[in-house]
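A.B. asks: Here it is, the structure, as structure tokens.
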Amino acid sequence: MKQPHAAPKRRLLTSALLLALAPPLAAQTVEEDRIGPATADSDATTLDTVTVTGIRGSLLSSMNLKRDAQGIVDGIVAEDIGKFPDTNLAESLQRISGVSIDRTSSGEGQRVTVRGVGPDFNLVLLNGRQMPASNLGPGGAGVSNSRAFDFANLASEAVSEIQVHKTSRARTPTGGIGATIDILTARPLDNPGLQASVGIKGVHDTSADNLPDSYPGSSFTPEVSGIFSNTYADGRFGVALTASYQERDSGYSQASVADGWAMFEGDDTNSWNRLPMAGEPGFDLITNRPGPDSVYGRPQNTGYSVNGVQRQRTNGQLALQWAPSDNVTTTLDYTYAENKVQQQRNELSVWFNYAPGTSSWTDGPISAPIEYSEDIPAANADLSMGGMELATRNELKSLGFNVEWAVNDALTMAFDYHDSTSESHPDSDYGSAGVLGAAAFIRGTTSVDYSGELPILTVELPPGIAEVGPEHVVVTGSVFQNSYNRSDVEQFQASGRFEFANYSGLDFGVSATEVNNRTASAVMQRDTWGGVGSTADYDDDIWYADNMGRYFDAFSGHDDPRFTDRFMVFDFERLRQRAAEVAGNDAFYRAPSEFTDDLRTTEKSRAAYVQWTNTFDWAHPVHVAAGVRYEETEVESSALVRVGTAISWDAANELYVIYDDERDFVDGEGKYDHFLPSLDIRVDLSEDMLLRASYGQTIGRPGWQQIQGGTTLAPVVRVDGGDGSQGNPALAPLKSRNFDLSFEWYYGEASYLSAGYFRKNISNFISDTIVRDTPFGLNTPVGGTYWNNALDAGCPATDMVCIRDYIFTNHAGDPGVTVTGTNEAGQLTGSIVGQPGDPIASFDINTPANQRSDSLDGWEINLQHMFGESGFGVMANYTIVDSGLTFDNRSLGDQYPMIGLSDSANLVLFYDKYDWQVRAAYNWRDEFLSGIGGQGPNPNYTESYGQLDLNVSYQVNDRLSLHAEAINLTDQTQRIHARHTNQLRFATQTGPRYMFGMRYKF
């Protein structure tokens, strides 16, 4: 696939090569150990470094990193080459105070939040280099707005150290308001001589046992890794090669109100889908109706799904180092990471039309249903049972070159260049995700009990039908998505340090970074929700029955006798082929190859910095680092988007945008520049006690879709309108003024206590503003001539089935009205397209804007203690975060909260002696706002979560070690709710994961 912007990349490469060959110039250092010369701070760190052996050695090295760093830095150091503490890097990072992780649906750590600042505003570096990030979004059905690096793509075996810089420095690249996280990999000249090992591991993921028998995969999967590092020519040349391959088959079950909750004020009398008021039909069916001072929500749907996930991860890194002289070291390295994911899903769901029914409600001010039902007397609504096949591939490639040159005793220089690409694309004939809808049109009055952890669905079936069976099911709508995301980063950095005669120093540097991001998608969506053919067109042996409750045994209520949990599982490919035969067109059931939405953004940044360091011997030694960084960024965005032409009403509660075949690119641009000062002060109160104070300014760049051009409409439209999004290339970045104060007491070998206060004053905060607009002037049949005729004939305004039937019966063949037949329930099917003169559809357009300023502050408390020579130790930390950037659940208007704010804590107990290493780690994160969405500006709160992990290893001899690991030992579940705990969004069950393996050193 041809990629744009080739010429600018060639210019960058030419400039980089000229700079490498020219006399040394001012250059930028990102991390002293990787791309910059040694400073006073890095020298101190080097002197304190010890040979890492076991848990105690790892914690000692991490403590020294924290103690000797400039500013507030925490980190994790590998226990030995190839032996990082956790298999997943994100799960290792969560042990650090102030660091929390976001997990995938299958329970694995994916992205990190630092000090309440979400993943998009934490910068992740690999060996001091900015890495690209690509992602196809949840379920592969879209593209990600995020810049956040996905830690699931990297194996931990090649990592020697992770540094988390919580305070800014002039030499640190911009983008990390919460923190800058630098992942450092092994270098051969850092580990002289032969270093070689191989590791073999078996993984037992219990969640894979809780899947339908027809799903692929196994609950036992392999992992293998190998490391080779050696030096030659008297230590002047080195080669390091690491490689790993991992298979993991897992599963998860999820209950959800995926399309969210429609929210109302208690005294709302205008909304068509509100609850009846006193004196209106249906009011007597409501118990404890929300009062006038309350807000309440009605669910759009409720569903359950069982999901199988298979992942194959391949990682490799080659590093070549050559030191032609004592004062020059060159490094050439290449990193490769591939992450392939396949997923299967079957589901059971019901959709509500906001019709009258029996319900009971909690007390206000946030009122939620205890039990909610809607009357469907004809027992002919659809009991939906869809399925999905997903396959995606994410690939990271990074080639870098580094030169470090000690020009003389006073001057050192460094140069670094890399060209890195991350690409995500489909990995199957179905595209990135294929969805087949299926339904049995036998659903009557439907109720859901939302009072427990798991919603309990109860469906009345027609007389004579005890449960749904293969003879009742027919294929309905379908969606086949083709999504693509690619991010390219080309960056060169040059840095230097000059040491003055009085031992003060001046660091200086320049850098140039160009990021090209492309996100594109296309969809083949058939809105045949009334059915494709009839039940007779599908052999009964295509389907087999299962019960959803057995996949939620970790939740109370899964075996409730009221639970109508029977559903149909099917072979996706066989059903897809049969649906194509019935429809007479195989193209309807494959993803399109030509993109209909194509967003391309180029971001060019230039930076320069200077930083002065000195130590003053006053009453106590005082170490000072003061600097300023100048950053200039230009943004160019070009978007190819679909143009809507009309609104089509294709099912009882579903309307869709009809798109024009013509498309065009829309261009936009933006520019910003900032001076970012920083100041670090460290006072050595004694040999064991330190006091730190820091001030710095940082910026966080907007998400990729936030700076796109053009307007994109969601294809599905509600009766009261639809949704859409529109970017703004001229957005300014977030800017944060950061204050830190910390006390540290290093009272014993590998033992310390620290307490710190931090505050971030954030301006230009970016939030999605909901703008009610009428893009493209689309006529909708809702409220049009045919609609009003149905109301005049006696149809209630909330009875969509009555209105459709009237229009089909009385206006068939009129402009815009097409009748195609009847569905299994005997209802007429077809489409009703808005005509000139009908109302213009309104859309809630999400438009990002720089909204407001606010602050967040908090405390970090750390304790690490070794109990003498007993081998026992403890590590504990607690982080408190507070901010005005919170969500007000009582307000239905636009809000601009900070995503990810939460308290967190860790408790790690370990034993390291007599060839045994045992570590039990408990991580807890309090409830936090994890996103906004689902029928307007509604919050999604991830409920508090705690997880216990256990690691045991035994050193058989100098070469062989055995180890075992347990993840989520207590089988915790995850739950997300909206404004009230009864307003479920997602409840997810995974399961414990066990690993057993060995490692052999040569």
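In the structure tokens, chains take letters A, B, ... by order of appearance, with residues numbered from 1 within each chain and ligands from 1 in the order shown.
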Pick out the residues sitting within 8 Å of stretch 255-258 of chain A, and hand them over as a list in words; count only C-alpha atoms, and ignore anything fewer than 3 positions along from it in its own chain.

C.D. replies: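 Skipping anything fewer than 3 positions along the chain leaves Trp261, Pro299, Gln300, Asn301, Thr302, Gly303, Tyr304, Ser305, Leu454, Pro455, Gly934, Leu984, Arg985, Phe986, Ala987 and Thr988 of chain A.
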
A.B. asks: Please list as a list in words every residue within 6 Å of A:Asp419, counting only C-alpha atoms and excluding residues in the same chain fewer than 3 positions away.

C.D. replies: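 Here the qualifying residues turn out to be Ser398, Leu399, Val489 and Glu490 of chain A.
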
A.B. asks: Could you give me the residues within stretch 92-142 of chain A that DSSP places in helix (DSSP H, G or I), as a PyMOL selection string?

C.D. replies: chain A and resi 92-93+119-121+138-140

A.B. asks: Would you output that residue set with C-alpha atoms, as a compact mmCIF listing (two decimals), in the first residue's frame?

C.D. replies:
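Generated output (again_27.txt):
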```txt
# COMPACT_ATOMS: atom_id res chain seq x y z
CA SER A 92 5.20 -4.79 36.27
CA LEU A 93 4.66 -1.05 36.05
CA PRO A 119 -2.61 6.70 28.92
CA ASP A 120 -2.82 9.25 26.09
CA PHE A 121 -0.79 11.76 28.09
CA PRO A 138 -12.11 -2.51 20.59
CA GLY A 139 -13.26 -5.49 18.56
CA GLY A 140 -11.30 -4.43 15.47
```

A.B. asks: Please provide as a PyMOL selection string all residues within 6 Å of stretch 956-969 of chain A, with the sequence filter that same-chain residues fewer than 3 positions apart are discarded (counting only C-alpha atoms).

C.D. replies: chain A and resi 947-953+992-1001

A.B. asks: Using only C-alpha atoms, determine which residues lie at most 9 Å from stretch 879-893 of chain A, disregarding the query and same-chain residues fewer than 5 positions distant; provide the list as a PyMOL selection string.

C.D. replies: chain A and resi 97-99+115-116+263-265+294-295+365-366+853-862+898-899+901-905+929+936-939+978-980

A.B. asks: Residues near A:Val716, anyone? I mean within 8 Å using only C-alpha atoms, not counting same-chain ones fewer than 4 positions away, as a ChimeraX atom specification.

C.D. replies: /A:654-657,722

A.B. asks: Those same residues - C-alpha atoms - I'd like them written as a short mmCIF file (atom, residue, chain, number, x, y, z; two decimals), in the first residue's frame.

C.D. replies:
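Result saved to again-v8.cif:
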```cif
data_model
loop_
_atom_site.label_atom_id
_atom_site.label_comp_id
_atom_site.auth_asym_id
_atom_site.auth_seq_id
_atom_site.Cartn_x
_atom_site.Cartn_y
_atom_site.Cartn_z
CA GLU A 654 -33.36 1.45 13.77
CA LEU A 655 -32.74 4.11 11.17
CA TYR A 656 -29.65 4.42 8.97
CA VAL A 657 -27.74 7.03 7.02
CA GLY A 722 -27.89 10.43 15.44
#
```

A.B. asks: What is the atom CA of A:Asn823-atom CA of A:Asp650 distance in Å, reported with one decimal?

C.D. replies: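 Going from atom CA of A:Asn823 over to atom CA of A:Asp650 covers 12.5 Å.
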
A.B. asks: Fewer than 5 positions away in the same chain doesn't count, so skip those; otherwise give me all residues within 9 Å of A:Leu461, counting only C-alpha atoms, as a list in words.

C.D. replies: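 What passes the distance filter is Ala379, Asn380, Ile442, Arg443, Gly444, Thr445, Ala466, Glu467 and Val468 of chain A.
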
A.B. asks: Set out as JSON lines a contact list for stretch 579-688 of chain A and stretch 732-737 of chain A with a cut-off of 9 Å, giving each residue of stretch 579-688 of chain A that qualifies its closest atom pair and distance in Å to one decimal, counting only C-alpha atoms, ordered by chain and rising residue number.

C.D. replies:
```
{"residue": "A:Gly670", "atom": "CA", "partner": "A:Ala732", "partner_atom": "CA", "distance": 8.4}
{"residue": "A:Lys671", "atom": "CA", "partner": "A:Ala732", "partner_atom": "CA", "distance": 8.1}
{"residue": "A:Tyr672", "atom": "CA", "partner": "A:Ala732", "partner_atom": "CA", "distance": 6.8}
```

A.B. asks: For the residues in that selection, give me N, CA and C atoms as a short mmCIF file (atom, residue, chain, number, x, y, z; two decimals), in the first residue's frame.

C.D. replies:
```
data_model
loop_
_atom_site.label_atom_id
_atom_site.label_comp_id
_atom_site.auth_asym_id
_atom_site.auth_seq_id
_atom_site.Cartn_x
_atom_site.Cartn_y
_atom_site.Cartn_z
N GLY A 670 -2.75 23.15 11.69
CA GLY A 670 -2.60 23.85 12.96
C GLY A 670 -1.13 23.99 13.31
N LYS A 671 -0.83 24.86 14.28
CA LYS A 671 0.56 25.10 14.66
C LYS A 671 0.58 25.62 16.10
N TYR A 672 1.57 25.18 16.86
CA TYR A 672 1.74 25.72 18.21
C TYR A 672 3.21 25.60 18.61
#
```

A.B. asks: Quick one, how far is atom CA of A:Asp205 from atom CA of A:Asp553?

C.D. replies: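 Calculated distance between atom CA of A:Asp205 and atom CA of A:Asp553 is 16.2 Å.
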
A.B. asks: Given only C-alpha atoms as the basis, pick out the residue of A:Asp838, A:Glu631, A:Asp597, A:Glu395 nearest to A:Thr785.

C.D. replies: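 Closest to A:Thr785, using only C-alpha atoms: A:Asp838.
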
A.B. asks: Just to confirm, what's the straight-line distance from atom CA of A:Arg236 to atom CA of A:Gly505 in Å (one decimal)?

C.D. replies: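 Distance reported for this atom pair: 28.6 Å.
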
A.B. asks: For a quick check of understanding, using only C-alpha atoms, which of A:Gln851, A:Gln827, A:Asn346, A:Ser359 has the smallest distance to A:Val448?

C.D. replies: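 Smallest distance to A:Val448 is found for A:Ser359.
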
A.B. asks: When you count only C-alpha atoms, which of these residues is closest to A:Val473: A:Val801, A:Ala440, A:Leu411, A:Ala186?

C.D. replies: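 The answer is A:Ala440, which sits nearest to A:Val473.
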
A.B. asks: Using only C-alpha atoms, find the one residue out of A:Phe441, A:Phe492, A:Tyr336, A:Trp529 that sits nearest to A:Glu460.

C.D. replies: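 Once distances to A:Glu460 are computed over only C-alpha atoms, the minimum belongs to A:Phe441.
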
A.B. asks: Can you work out which one of A:Arg590, A:Ala512, A:Val112, A:Ser534 has the shortest atom-to-atom distance to A:Tyr630, counting only C-alpha atoms?

C.D. replies: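 The answer is A:Ala512, which sits nearest to A:Tyr630.
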